[in-house]
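A.B. asks: Okay, so here is final.txt, and as you'll see once you scroll down, it has compact mmCIF, C-alpha atoms.
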# COMPACT_ATOMS: atom_id res chain seq x y z
CA MET A 169 0.00 0.00 0.00
CA ASP A 170 1.22 3.48 -0.72
CA ILE A 171 0.76 6.38 1.69
CA ALA A 172 -2.56 7.52 0.25
CA GLU A 173 -4.01 4.02 0.39
CA GLU A 174 -2.94 3.65 4.03
CA LEU A 175 -4.53 6.96 4.94
CA ARG A 176 -7.72 6.02 3.13
CA ALA A 177 -7.90 2.81 5.13
CA ILE A 178 -7.51 4.80 8.36
CA GLU A 179 -10.23 7.25 7.33
CA GLN A 180 -12.56 4.37 6.38
CA ILE A 181 -11.96 2.74 9.77
CA LYS A 182 -12.74 5.98 11.59
CA ALA A 183 -16.02 6.33 9.69
CA LEU A 184 -16.76 2.65 10.37
CA LYS A 185 -16.48 3.21 14.11
CA ALA A 186 -18.61 6.36 13.81
CA ARG A 187 -21.36 4.23 12.23
CA TYR A 188 -21.08 1.78 15.14
CA TRP A 189 -21.90 4.52 17.65
CA ARG A 190 -24.58 6.11 15.50
CA GLY A 191 -26.14 2.69 14.96
CA ILE A 192 -26.46 2.20 18.73
CA ASP A 193 -27.64 5.68 19.60
CA THR A 194 -30.22 5.98 16.81
CA ARG A 195 -31.27 2.29 17.20
CA ASP A 196 -30.47 1.52 13.56
CA ARG A 197 -30.16 -2.25 13.48
CA ALA A 198 -28.91 -2.56 9.89
CA LEU A 199 -26.34 0.19 10.40
CA LEU A 200 -25.02 -1.39 13.59
CA ARG A 201 -24.95 -5.00 12.35
CA GLY A 202 -23.25 -3.85 9.15
CA VAL A 203 -20.12 -2.62 10.91
CA PHE A 204 -19.15 -6.10 12.14
CA THR A 205 -17.58 -9.12 10.47
CA ASP A 206 -19.79 -12.19 10.75
CA ASP A 207 -17.50 -13.66 13.41
CA ALA A 208 -16.84 -10.43 15.31
CA ILE A 209 -15.95 -10.65 19.01
CA THR A 210 -17.70 -8.18 21.31
CA ASP A 211 -16.19 -8.11 24.78
CA PHE A 212 -17.91 -5.95 27.40
CA ARG A 213 -16.97 -8.04 30.46
CA ASP A 214 -14.73 -5.37 31.93
CA SER A 215 -17.09 -2.51 31.19
CA THR A 216 -20.08 -4.24 32.75
CA GLN A 217 -18.12 -5.98 35.52
CA SER A 218 -19.77 -9.26 34.58
CA ASP A 219 -18.45 -12.49 36.02
CA ASP A 220 -20.12 -14.69 33.47
CA ASP A 221 -19.59 -14.72 29.75
CA THR A 222 -22.87 -13.14 28.68
CA GLN A 223 -20.87 -10.01 27.83
CA LEU A 224 -18.41 -11.90 25.61
CA LYS A 225 -19.84 -12.96 22.28
CA ARG A 226 -18.60 -14.16 18.91
CA ASN A 227 -21.98 -13.53 17.38
CA PRO A 228 -22.74 -10.02 16.20
CA ASP A 229 -26.38 -10.87 15.42
CA ALA A 230 -26.92 -11.91 19.03
CA PHE A 231 -24.93 -8.91 20.24
CA VAL A 232 -27.22 -6.48 18.40
CA ASP A 233 -30.39 -8.34 19.43
CA ASP A 234 -29.41 -8.51 23.10
CA LEU A 235 -28.17 -4.92 23.18
CA PHE A 236 -31.32 -3.50 21.64
CA ALA A 237 -33.47 -5.58 24.01
CA LEU A 238 -31.46 -4.28 26.97
CA LEU A 239 -31.71 -0.70 25.76
CA ASN A 240 -35.48 -0.77 25.27
CA GLY A 241 -36.77 2.37 26.95
CA VAL A 242 -33.25 3.74 27.38
CA VAL A 243 -31.82 6.86 25.70
CA THR A 244 -28.10 6.45 24.95
CA VAL A 245 -25.21 8.57 23.73
CA HIS A 246 -21.78 7.12 22.90
CA HIS A 247 -18.97 9.45 21.87
CA GLY A 248 -15.55 8.44 20.54
CA HIS A 249 -12.58 10.75 20.72
CA SER A 250 -9.05 11.00 19.28
CA PRO A 251 -8.12 7.49 18.14
CA GLU A 252 -4.87 5.67 17.55
CA ILE A 253 -5.37 3.61 14.37
CA ALA A 254 -2.52 1.36 13.19
CA LEU A 255 -2.44 -0.75 10.04
CA ARG A 256 -0.92 -4.18 10.68
CA SER A 257 -1.24 -5.37 7.07
CA GLU A 258 -3.25 -4.53 3.99
CA THR A 259 -6.29 -6.20 5.56
CA GLU A 260 -5.75 -5.88 9.32
CA ALA A 261 -5.68 -2.91 11.65
CA THR A 262 -5.98 -2.05 15.33
CA GLY A 263 -7.52 0.92 17.06
CA ILE A 264 -7.69 2.46 20.54
CA TRP A 265 -10.56 4.89 21.12
CA PRO A 266 -11.16 7.02 24.22
CA MET A 267 -14.91 7.15 24.87
CA GLU A 268 -17.68 8.54 27.02
CA ASP A 269 -21.22 7.24 27.22
CA TRP A 270 -24.51 8.06 28.87
CA LEU A 271 -27.56 5.92 29.51
CA TRP A 272 -30.83 7.47 30.66
CA VAL A 273 -33.37 4.83 31.69
CA GLU A 274 -36.78 6.25 30.82
CA ASP A 275 -38.83 3.06 31.14
CA GLU A 276 -39.62 2.07 34.73
CA ALA A 277 -39.80 -1.58 33.62
CA SER A 278 -36.14 -1.63 32.54
CA SER A 279 -34.04 -4.37 34.11
CA LEU A 280 -31.01 -2.08 34.32
CA PRO A 281 -29.93 -1.51 37.94
CA PHE A 282 -29.67 2.29 37.61
CA ARG A 283 -31.64 5.26 36.30
CA LYS A 284 -28.66 7.07 34.80
CA LEU A 285 -25.14 6.02 33.90
CA ASN A 286 -22.16 8.09 32.76
CA GLY A 287 -19.00 6.17 31.84
CA TRP A 288 -15.51 6.66 30.47
CA GLY A 289 -12.90 4.30 29.06
CA HIS A 290 -11.07 3.03 26.00
CA TYR A 291 -12.17 0.67 23.24
CA HIS A 292 -9.47 -1.71 22.04
CA ASP A 293 -10.48 -2.85 18.57
CA THR A 294 -9.25 -4.93 15.66
CA TYR A 295 -10.46 -4.39 12.12
CA ARG A 296 -10.43 -6.60 9.04
CA LYS A 297 -10.82 -5.60 5.40
CA THR A 298 -13.48 -7.75 3.77
CA ALA A 299 -14.82 -7.87 0.22
CA ILE A 300 -17.30 -5.15 1.20
CA GLY A 301 -14.88 -2.94 3.07
CA TRP A 302 -13.37 -2.57 6.56
CA ARG A 303 -15.31 -4.17 9.40
CA ILE A 304 -14.89 -4.46 13.18
CA ALA A 305 -13.40 -7.91 13.88
CA SER A 306 -13.25 -7.43 17.66
CA THR A 307 -14.01 -4.75 20.19
CA LYS A 308 -13.31 -4.65 23.91
CA LEU A 309 -14.24 -1.82 26.25
CA VAL A 310 -12.02 -1.13 29.26
CA ARG A 311 -13.45 1.33 31.76
CA ILE A 312 -11.65 4.12 33.59
CA ARG A 313 -14.70 5.29 35.51
CA VAL A 314 -18.42 4.67 35.81
CA GLU A 315 -20.92 6.81 37.69
CA ALA A 316 -24.37 5.28 38.06
CA GLU A 317 -27.32 6.38 40.14
CA MET B 263 -9.91 13.39 -7.82
CA ASP B 264 -7.30 10.89 -6.79
CA ILE B 265 -7.19 9.31 -3.33
CA ALA B 266 -4.92 11.95 -1.81
CA GLU B 267 -7.09 14.78 -3.08
CA GLU B 268 -10.19 13.13 -1.65
CA LEU B 269 -8.53 12.70 1.72
CA ARG B 270 -7.33 16.29 1.69
CA ALA B 271 -10.89 17.47 1.07
CA ILE B 272 -12.10 15.38 4.03
CA GLU B 273 -9.38 16.80 6.29
CA GLN B 274 -10.20 20.35 5.18
CA ILE B 275 -13.88 19.77 5.94
CA LYS B 276 -13.06 18.45 9.41
CA ALA B 277 -10.95 21.52 10.17
CA LEU B 278 -13.72 23.72 8.74
CA LYS B 279 -16.22 22.30 11.21
CA ALA B 280 -13.69 22.69 14.02
CA ARG B 281 -13.48 26.40 13.18
CA TYR B 282 -17.28 26.62 13.33
CA TRP B 283 -17.30 25.39 16.94
CA ARG B 284 -14.28 27.45 17.96
CA GLY B 285 -15.87 30.51 16.38
CA ILE B 286 -18.97 30.08 18.54
CA ASP B 287 -17.23 29.22 21.79
CA THR B 288 -14.59 31.96 21.60
CA ARG B 289 -17.10 34.47 20.15
CA ASP B 290 -14.95 35.05 17.06
CA ARG B 291 -17.35 36.62 14.57
CA ALA B 292 -15.02 36.57 11.55
CA LEU B 293 -14.00 32.98 12.21
CA LEU B 294 -17.61 31.83 12.50
CA ARG B 295 -18.99 33.78 9.55
CA GLY B 296 -16.09 32.60 7.40
CA VAL B 297 -17.05 28.92 7.61
CA PHE B 298 -20.34 29.44 5.74
CA THR B 299 -21.24 29.94 2.10
CA ASP B 300 -23.12 33.19 1.56
CA ASP B 301 -26.38 31.28 1.11
CA ALA B 302 -25.84 28.73 3.86
CA ILE B 303 -28.88 27.17 5.52
CA THR B 304 -28.79 26.92 9.32
CA ASP B 305 -31.57 24.73 10.70
CA PHE B 306 -31.92 24.52 14.49
CA ARG B 307 -35.69 23.95 14.59
CA ASP B 308 -35.39 20.42 15.96
CA SER B 309 -32.68 21.27 18.46
CA THR B 310 -34.57 24.23 19.89
CA GLN B 311 -38.02 22.68 19.51
CA SER B 312 -39.22 25.84 17.79
CA ASP B 313 -42.57 25.86 16.06
CA ASP B 314 -41.84 28.94 14.03
CA ASP B 315 -39.11 29.44 11.48
CA THR B 316 -36.85 31.77 13.46
CA GLN B 317 -34.46 28.84 13.82
CA LEU B 318 -34.33 28.19 10.05
CA LYS B 319 -32.29 30.74 8.12
CA ARG B 320 -30.68 31.08 4.72
CA ASN B 321 -28.68 34.05 5.90
CA PRO B 322 -25.42 33.32 7.70
CA ASP B 323 -24.89 36.99 8.58
CA ALA B 324 -28.18 37.06 10.42
CA PHE B 325 -27.43 33.65 11.95
CA VAL B 326 -24.20 34.90 13.48
CA ASP B 327 -25.72 38.19 14.61
CA ASP B 328 -28.72 36.54 16.24
CA LEU B 329 -26.64 33.77 17.82
CA PHE B 330 -24.14 36.15 19.37
CA ALA B 331 -26.97 38.37 20.65
CA LEU B 332 -28.65 35.32 22.20
CA LEU B 333 -25.40 34.15 23.76
CA ASN B 334 -24.56 37.48 25.35
CA GLY B 335 -23.63 36.67 28.94
CA VAL B 336 -23.58 32.94 28.22
CA VAL B 337 -20.50 30.66 28.34
CA THR B 338 -20.72 27.91 25.73
CA VAL B 339 -18.83 24.78 24.77
CA HIS B 340 -19.61 22.77 21.63
CA HIS B 341 -17.72 19.55 20.97
CA GLY B 342 -17.84 17.47 17.78
CA HIS B 343 -16.88 13.81 17.76
CA SER B 344 -16.11 11.08 15.22
CA PRO B 345 -17.65 12.21 11.93
CA GLU B 346 -18.81 10.44 8.80
CA ILE B 347 -17.69 12.65 5.88
CA ALA B 348 -18.63 11.57 2.33
CA LEU B 349 -17.62 13.29 -0.90
CA ARG B 350 -20.51 13.47 -3.37
CA SER B 351 -18.52 15.19 -6.13
CA GLU B 352 -15.37 17.28 -6.44
CA THR B 353 -17.22 20.24 -4.94
CA GLU B 354 -19.91 18.70 -2.75
CA ALA B 355 -19.79 16.65 0.43
CA THR B 356 -21.95 15.58 3.35
CA GLY B 357 -21.14 15.06 7.00
CA ILE B 358 -22.74 13.60 10.12
CA TRP B 359 -21.24 14.75 13.43
CA PRO B 360 -22.11 13.50 16.90
CA MET B 361 -22.00 16.43 19.31
CA GLU B 362 -22.37 17.60 22.88
CA ASP B 363 -22.86 21.15 24.04
CA TRP B 364 -23.12 23.12 27.24
CA LEU B 365 -24.56 26.57 27.91
CA TRP B 366 -23.99 28.31 31.23
CA VAL B 367 -26.10 31.45 31.57
CA GLU B 368 -24.07 33.88 33.65
CA ASP B 369 -26.07 37.04 32.97
CA GLU B 370 -29.31 37.27 34.96
CA ALA B 371 -30.80 39.43 32.19
CA SER B 372 -30.50 36.64 29.62
CA SER B 373 -33.74 35.76 27.83
CA LEU B 374 -32.85 32.06 27.77
CA PRO B 375 -35.37 29.97 29.76
CA PHE B 376 -32.71 28.04 31.72
CA ARG B 377 -29.56 28.63 33.74
CA LYS B 378 -27.66 25.63 32.37
CA LEU B 379 -28.14 23.38 29.39
CA ASN B 380 -26.36 20.16 28.41
CA GLY B 381 -27.32 18.63 25.08
CA TRP B 382 -26.46 15.76 22.74
CA GLY B 383 -27.28 15.05 19.11
CA HIS B 384 -26.02 14.85 15.53
CA TYR B 385 -25.32 17.57 13.00
CA HIS B 386 -26.32 16.70 9.43
CA ASP B 387 -24.28 18.97 7.15
CA THR B 388 -23.61 19.63 3.50
CA TYR B 389 -20.42 21.27 2.29
CA ARG B 390 -19.52 23.06 -0.93
CA LYS B 391 -16.09 23.84 -2.34
CA THR B 392 -15.87 27.51 -3.26
CA ALA B 393 -13.09 29.57 -4.79
CA ILE B 394 -11.75 30.15 -1.28
CA GLY B 395 -12.07 26.58 -0.04
CA TRP B 396 -14.67 24.27 1.51
CA ARG B 397 -17.57 25.95 3.26
CA ILE B 398 -20.66 24.79 5.18
CA ALA B 399 -23.60 24.98 2.76
CA SER B 400 -26.17 23.70 5.26
CA THR B 401 -26.25 22.44 8.82
CA LYS B 402 -29.09 20.87 10.77
CA LEU B 403 -28.90 19.76 14.38
CA VAL B 404 -31.03 16.80 15.50
CA ARG B 405 -31.13 16.23 19.24
CA ILE B 406 -30.97 12.92 21.11
CA ARG B 407 -31.24 14.48 24.55
CA VAL B 408 -31.36 17.85 26.28
CA GLU B 409 -31.06 18.50 30.00
CA ALA B 410 -31.84 22.05 31.09
CA GLU B 411 -32.27 23.49 34.54
CA MET C 278 5.94 17.43 0.61
CA ASP C 279 3.20 16.12 -1.60
CA ILE C 280 -0.43 15.92 -0.52
CA ALA C 281 -0.19 12.36 0.82
CA GLU C 282 2.89 13.17 2.88
CA GLU C 283 1.18 16.22 4.37
CA LEU C 284 -1.87 14.19 5.28
CA ARG C 285 0.29 11.48 6.82
CA ALA C 286 1.99 14.09 8.98
CA ILE C 287 -1.40 15.36 10.16
CA GLU C 288 -2.57 11.82 10.98
CA GLN C 289 0.66 11.11 12.87
CA ILE C 290 0.22 14.32 14.88
CA LYS C 291 -3.35 13.38 15.77
CA ALA C 292 -2.23 9.96 17.01
CA LEU C 293 0.64 11.63 18.89
CA LYS C 294 -1.79 13.80 20.83
CA ALA C 295 -4.00 10.77 21.47
CA ARG C 296 -1.02 9.05 23.10
CA TYR C 297 -0.49 12.13 25.28
CA TRP C 298 -3.99 11.82 26.73
CA ARG C 299 -3.85 8.05 27.05
CA GLY C 300 -0.47 8.34 28.76
CA ILE C 301 -1.96 10.63 31.40
CA ASP C 302 -5.20 8.76 31.97
CA THR C 303 -3.65 5.28 32.13
CA ARG C 304 -0.59 6.57 34.08
CA ASP C 305 1.82 5.25 31.44
CA ARG C 306 5.03 7.18 32.09
CA ALA C 307 6.95 5.98 29.04
CA LEU C 308 4.01 6.63 26.73
CA LEU C 309 3.54 10.15 28.07
CA ARG C 310 7.21 11.15 28.17
CA GLY C 311 7.67 9.77 24.66
CA VAL C 312 5.29 12.26 23.06
CA PHE C 313 7.48 15.28 23.93
CA THR C 314 10.66 16.70 22.49
CA ASP C 315 13.43 16.89 25.09
CA ASP C 316 12.99 20.67 25.36
CA ALA C 317 9.19 20.73 25.20
CA ILE C 318 7.35 23.62 26.84
CA THR C 319 4.31 22.73 28.94
CA ASP C 320 2.25 25.76 29.91
CA PHE C 321 -0.69 25.21 32.26
CA ARG C 322 -0.63 28.63 33.92
CA ASP C 323 -3.96 29.71 32.47
CA SER C 324 -5.67 26.40 33.09
CA THR C 325 -4.60 26.22 36.73
CA GLN C 326 -4.86 29.97 37.35
CA SER C 327 -1.36 29.92 38.85
CA ASP C 328 0.43 33.19 39.49
CA ASP C 329 3.83 31.60 39.79
CA ASP C 330 5.71 29.71 37.13
CA THR C 331 5.38 26.21 38.57
CA GLN C 332 2.92 25.50 35.76
CA LEU C 333 5.34 26.63 33.03
CA LYS C 334 8.15 24.19 32.33
CA ARG C 335 10.72 23.52 29.64
CA ASN C 336 11.44 20.12 31.10
CA PRO C 337 9.18 17.25 30.08
CA ASP C 338 10.80 14.85 32.55
CA ALA C 339 9.91 17.16 35.42
CA PHE C 340 6.46 17.75 33.92
CA VAL C 341 5.66 14.03 33.92
CA ASP C 342 7.13 13.48 37.40
CA ASP C 343 5.27 16.41 38.94
CA LEU C 344 2.01 15.56 37.16
CA PHE C 345 2.03 11.92 38.24
CA ALA C 346 2.88 12.94 41.82
CA LEU C 347 -0.02 15.43 41.81
CA LEU C 348 -2.41 12.85 40.36
CA ASN C 349 -1.57 10.16 42.91
CA GLY C 350 -4.93 8.87 44.12
CA VAL C 351 -6.78 10.77 41.40
CA VAL C 352 -8.75 9.21 38.52
CA THR C 353 -8.53 11.34 35.37
CA VAL C 354 -10.08 11.47 31.92
CA HIS C 355 -8.90 13.85 29.19
CA HIS C 356 -10.73 13.93 25.86
CA GLY C 357 -9.63 15.80 22.73
CA HIS C 358 -12.10 16.73 20.01
CA SER C 359 -12.06 18.01 16.42
CA PRO C 360 -8.65 19.59 15.90
CA GLU C 361 -7.24 22.19 13.53
CA ILE C 362 -3.79 20.93 12.51
CA ALA C 363 -1.66 23.10 10.19
CA LEU C 364 1.73 22.24 8.73
CA ARG C 365 4.10 25.22 8.84
CA SER C 366 7.02 23.42 7.18
CA GLU C 367 8.15 19.85 6.61
CA THR C 368 9.19 19.62 10.27
CA GLU C 369 6.91 22.09 12.07
CA ALA C 370 3.18 22.15 12.69
CA THR C 371 0.59 23.77 14.95
CA GLY C 372 -2.60 22.42 16.43
CA ILE C 373 -5.67 23.68 18.28
CA TRP C 374 -7.64 21.06 20.19
CA PRO C 375 -10.94 21.51 22.00
CA MET C 376 -10.89 19.44 25.19
CA GLU C 377 -12.78 18.31 28.25
CA ASP C 378 -11.30 16.77 31.37
CA TRP C 379 -12.41 15.25 34.66
CA LEU C 380 -10.51 14.69 37.88
CA TRP C 381 -11.97 12.54 40.64
CA VAL C 382 -9.92 12.77 43.84
CA GLU C 383 -10.20 9.37 45.53
CA ASP C 384 -7.38 9.75 48.06
CA GLU C 385 -8.28 11.87 51.08
CA ALA C 386 -4.60 12.80 51.44
CA SER C 387 -4.50 14.53 48.03
CA SER C 388 -3.27 18.12 48.08
CA LEU C 389 -5.75 19.11 45.37
CA PRO C 390 -8.23 21.74 46.63
CA PHE C 391 -11.32 19.93 45.29
CA ARG C 392 -12.90 16.47 45.25
CA LYS C 393 -14.06 16.63 41.63
CA LEU C 394 -13.18 18.85 38.69
CA ASN C 395 -14.74 19.11 35.23
CA GLY C 396 -13.08 21.47 32.77
CA TRP C 397 -13.29 22.67 29.17
CA GLY C 398 -10.91 24.60 26.93
CA HIS C 399 -8.50 24.53 24.01
CA TYR C 400 -4.94 23.28 23.75
CA HIS C 401 -2.67 25.42 21.58
CA ASP C 402 0.22 23.20 20.50
CA THR C 403 3.31 23.23 18.33
CA TYR C 404 4.85 20.05 16.94
CA ARG C 405 8.30 19.25 15.61
CA LYS C 406 9.38 16.33 13.44
CA THR C 407 12.39 14.64 14.99
CA ALA C 408 14.51 11.71 13.86
CA ILE C 409 12.04 9.41 15.64
CA GLY C 410 8.86 11.08 14.43
CA TRP C 411 6.56 13.96 15.32
CA ARG C 412 6.72 15.19 18.90
CA ILE C 413 4.96 17.87 20.95
CA ALA C 414 7.31 20.89 21.11
CA SER C 415 4.95 23.03 23.19
CA THR C 416 1.47 22.81 24.63
CA LYS C 417 -0.62 25.46 26.34
CA LEU C 418 -4.09 24.94 27.76
CA VAL C 419 -6.54 27.86 27.74
CA ARG C 420 -9.72 27.29 29.73
CA ILE C 421 -13.26 28.23 28.79
CA ARG C 422 -14.84 26.86 31.95
CA VAL C 423 -13.95 24.95 35.12
CA GLU C 424 -16.38 23.47 37.62
CA ALA C 425 -14.81 22.19 40.82
CA GLU C 426 -16.42 21.03 44.03
What do you get writing this file as structure tokens?
C.D. replies:
Amino acid sequence: MDIAEELRAIEQIKALKARYWRGIDTRDRALLRGVFTDDAITDFRDSTQSDDDTQLKRNPDAFVDDLFALLNGVVTVHHGHSPEIALRSETEATGIWPMEDWLWVEDEASSLPFRKLNGWGHYHDTYRKTAIGWRIASTKLVRIRVEAE
Amino acid sequence: MDIAEELRAIEQIKALKARYWRGIDTRDRALLRGVFTDDAITDFRDSTQSDDDTQLKRNPDAFVDDLFALLNGVVTVHHGHSPEIALRSETEATGIWPMEDWLWVEDEASSLPFRKLNGWGHYHDTYRKTAIGWRIASTKLVRIRVEAE
Amino acid sequence: MDIAEELRAIEQIKALKARYWRGIDTRDRALLRGVFTDDAITDFRDSTQSDDDTQLKRNPDAFVDDLFALLNGVVTVHHGHSPEIALRSETEATGIWPMEDWLWVEDEASSLPFRKLNGWGHYHDTYRKTAIGWRIASTKLVRIRVEAE
């Protein structure tokens, strides 16, 4: 790859991650599912402090289904900040993204154990270039701080 | 356009939008006015929940004048996050920007109906390349959440 | 420099600044020290409202040592947003970065005069290309707003 092709890959990966967050926060199932490879790993064990493996999946369909069920009646905002994207090969890349998120639970019937959450941390991602473009191959969220009430 | 020219356009558009926010938050009239085309559309009807059309303008001079009058005695911060920028032609582009803003009303005489506002949403923009560089041709803010007190 | 080389420099500078913030917030001394030139100027007089010159240094080793001592027992998050990066020559560049930060003082013995701080402002940086890549040659933080309790 020449310089311009490398930079294009980085820009495409940034926009890919932007679609991930917009897919969650606007509840756009096709947009969100479309950012993942079919075997993508989603690892939210650290960020949810879960002992079991319900927060570790290698099934992006189930990830989207479970997430949208969990977020029923919940307004969310996820913001990603200055990333470090590194190409490892023509078809593989890694990324570290500082993030902040908010969850406002509006539905009294929600199973979430808080009414409002504000969190901070870093995503540690891998990306793979497929026939239809760059996709998230794995994502893991590591928290710095969570405030819930 | 070749790849490098496309990427340069995207970088110029990102810096353009950064000047827009810095122009507002540092009250720099020339900086803010300079980011718009002369016929730019500014649409804040959704974000201000206005029934009338005072929040929809095709007059960037009036937009800046009215905004700075409204924000007299108000400290503001506007932050833009990971964007999705797409070139539509050599002279046209679109952008979606997640955002967060804060308004702190310090002047008791302010007409704003709150003392503090914290908001989240997405800007949906179009950009046009003019003889003096890329400019914002239209911007529309769609809110996800507003907290005012 | 051709267009692609300019854009690569800008991308490298963005990732450099991202490492600066991650170095602080994950308390990674080598990562943080590595982003600076050996004679880098760090100017936090405005942001800390200090009359004396303890917040102005031309000594990145001392900057990192003093910062990590000050932040002992403190959880921090620093987020950078849409920047304006400008190349001034093949080896010099400037950058303006909107930012937000949080400090949560967890250790009762901390000398900091607050338990929680949330701040907003702009970094005004210069960068220099060295034999081992782009480095921060100077950084100055100018505040828009600080809320401490």
A.B. asks: I'd like the contact shell of Ala371 of chain B - 12 Å cut-off, only C-alpha atoms, skipping same-chain residues fewer than 2 positions apart - returned as a list in words.
C.D. replies: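 Once the adjacent positions are removed, what remains is Leu332, Leu333, Asn334, Gly335, Val336, Val367, Glu368, Asp369, Ser373, Leu374, Pro375, Phe376 and Arg377 of chain B.
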A.B. asks: If you keep C-alpha atoms, can you produce a file of those selected residues as a PDB file, in the frame of the given file?
C.D. replies:
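To be explicit, this is the file written out as selection07.pdb:
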ATOM      1  CA  LEU B 332     -28.650  35.320  22.200  1.00  0.00           C
ATOM      2  CA  LEU B 333     -25.400  34.150  23.760  1.00  0.00           C
ATOM      3  CA  ASN B 334     -24.560  37.480  25.350  1.00  0.00           C
ATOM      4  CA  GLY B 335     -23.630  36.670  28.940  1.00  0.00           C
ATOM      5  CA  VAL B 336     -23.580  32.940  28.220  1.00  0.00           C
ATOM      6  CA  VAL B 367     -26.100  31.450  31.570  1.00  0.00           C
ATOM      7  CA  GLU B 368     -24.070  33.880  33.650  1.00  0.00           C
ATOM      8  CA  ASP B 369     -26.070  37.040  32.970  1.00  0.00           C
ATOM      9  CA  SER B 373     -33.740  35.760  27.830  1.00  0.00           C
ATOM     10  CA  LEU B 374     -32.850  32.060  27.770  1.00  0.00           C
ATOM     11  CA  PRO B 375     -35.370  29.970  29.760  1.00  0.00           C
ATOM     12  CA  PHE B 376     -32.710  28.040  31.720  1.00  0.00           C
ATOM     13  CA  ARG B 377     -29.560  28.630  33.740  1.00  0.00           C
TER      14      ARG B 377
END
A.B. asks: For segment 279-296 of chain B, find every residue with an atom within 7 Å (counting all atoms listed in the file), except residues of its own chain fewer than 4 positions away, and show them as a count of residues only.
C.D. replies: 10
A.B. asks: Can you pull out every residue within 6 Å of Val419 of chain C, counting only C-alpha atoms, but drop anything in the same chain fewer than 2 positions away, and send it as a CSV table (one decimal) with C-alpha atoms, in the frame of the given file?
C.D. replies:
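Output saved as part_13.csv:
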chain,number,residue,atom,x,y,z
C,323,ASP,CA,-4.0,29.7,32.5
C,324,SER,CA,-5.7,26.4,33.1
C,398,GLY,CA,-10.9,24.6,26.9
C,399,HIS,CA,-8.5,24.5,24.0
A.B. asks: For chain C, list the residues within 7 Å of chain A, counting only C-alpha atoms, and write the list as a tab-separated table (two decimals) with C-alpha atoms, in the coordinates of the input.
C.D. replies:
chain	number	residue	atom	x	y	z
C	281	ALA	CA	-0.19	12.36	0.82
C	285	ARG	CA	0.29	11.48	6.82
C	292	ALA	CA	-2.23	9.96	17.01
C	295	ALA	CA	-4.00	10.77	21.47
C	356	HIS	CA	-10.73	13.93	25.86
C	357	GLY	CA	-9.63	15.80	22.73
C	358	HIS	CA	-12.10	16.73	20.01
A.B. asks: Determine the nearest neighbour of Gln274 of chain B from the options B:Asn380, B:Trp396, B:Phe306, B:Glu352, counting all atoms listed in the file.
C.D. replies: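 Of all the options, B:Trp396 lies closest to Gln274 of chain B.
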A.B. asks: Would you compute the distance between atom CA of Gly381 of chain B and atom CA of Val243 of chain A? Give it in Å to one decimal.
C.D. replies: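 Rounded to one decimal, the two atoms are 12.6 Å apart.
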A.B. asks: For a test of reading the model, state the distance in Å between atom CA of Ala414 of chain C and atom CA of Ala261 of chain A, rounded to one decimal.
C.D. replies: 28.7 Å
A.B. asks: Can you pull out every residue within 10 Å of Thr216 of chain A, counting only C-alpha atoms, but drop anything in the same chain fewer than 2 positions away, and send it as an MDAnalysis selection string?
C.D. replies: chainID A and resid 211:214 218:219 223 309:311 314
A.B. asks: Between B:Glu409, B:Asp300, B:Glu354, B:Glu370, which one has atoms that come closest to Lys391 of chain B, using all atoms listed in the file?
C.D. replies: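 Ranking B:Glu409, B:Asp300, B:Glu354, B:Glu370 by distance to Lys391 of chain B, first place goes to B:Glu354.
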A.B. asks: For a cut-off of 12 Å around (-15.9, -6.1, 2.0), file coordinates, pick out all residues using all atoms listed in the file and list them as a list in words.
C.D. replies: Gln180, Gly202, Val203, Phe204, Thr205, Asp206, Thr259, Tyr295, Arg296, Lys297, Thr298, Ala299, Ile300, Gly301, Trp302, Arg303 and Ile304 of chain A
A.B. asks: Just the selected residues (C-alpha atoms), exported as a PDB file, keeping the file's coordinate frame, please.
C.D. replies:
ATOM      1  CA  GLN A 180     -12.560   4.370   6.380  1.00  0.00           C
ATOM      2  CA  GLY A 202     -23.250  -3.850   9.150  1.00  0.00           C
ATOM      3  CA  VAL A 203     -20.120  -2.620  10.910  1.00  0.00           C
ATOM      4  CA  PHE A 204     -19.150  -6.100  12.140  1.00  0.00           C
ATOM      5  CA  THR A 205     -17.580  -9.120  10.470  1.00  0.00           C
ATOM      6  CA  ASP A 206     -19.790 -12.190  10.750  1.00  0.00           C
ATOM      7  CA  THR A 259      -6.290  -6.200   5.560  1.00  0.00           C
ATOM      8  CA  TYR A 295     -10.460  -4.390  12.120  1.00  0.00           C
ATOM      9  CA  ARG A 296     -10.430  -6.600   9.040  1.00  0.00           C
ATOM     10  CA  LYS A 297     -10.820  -5.600   5.400  1.00  0.00           C
ATOM     11  CA  THR A 298     -13.480  -7.750   3.770  1.00  0.00           C
ATOM     12  CA  ALA A 299     -14.820  -7.870   0.220  1.00  0.00           C
ATOM     13  CA  ILE A 300     -17.300  -5.150   1.200  1.00  0.00           C
ATOM     14  CA  GLY A 301     -14.880  -2.940   3.070  1.00  0.00           C
ATOM     15  CA  TRP A 302     -13.370  -2.570   6.560  1.00  0.00           C
ATOM     16  CA  ARG A 303     -15.310  -4.170   9.400  1.00  0.00           C
ATOM     17  CA  ILE A 304     -14.890  -4.460  13.180  1.00  0.00           C
TER      18      ILE A 304
END
A.B. asks: Between atom CA of Thr210 of chain A and atom CA of Gly263 of chain A, what is the distance, to one decimal in Å?
C.D. replies: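 Atom-to-atom, atom CA of Thr210 of chain A and atom CA of Gly263 of chain A are spaced 14.3 Å apart.
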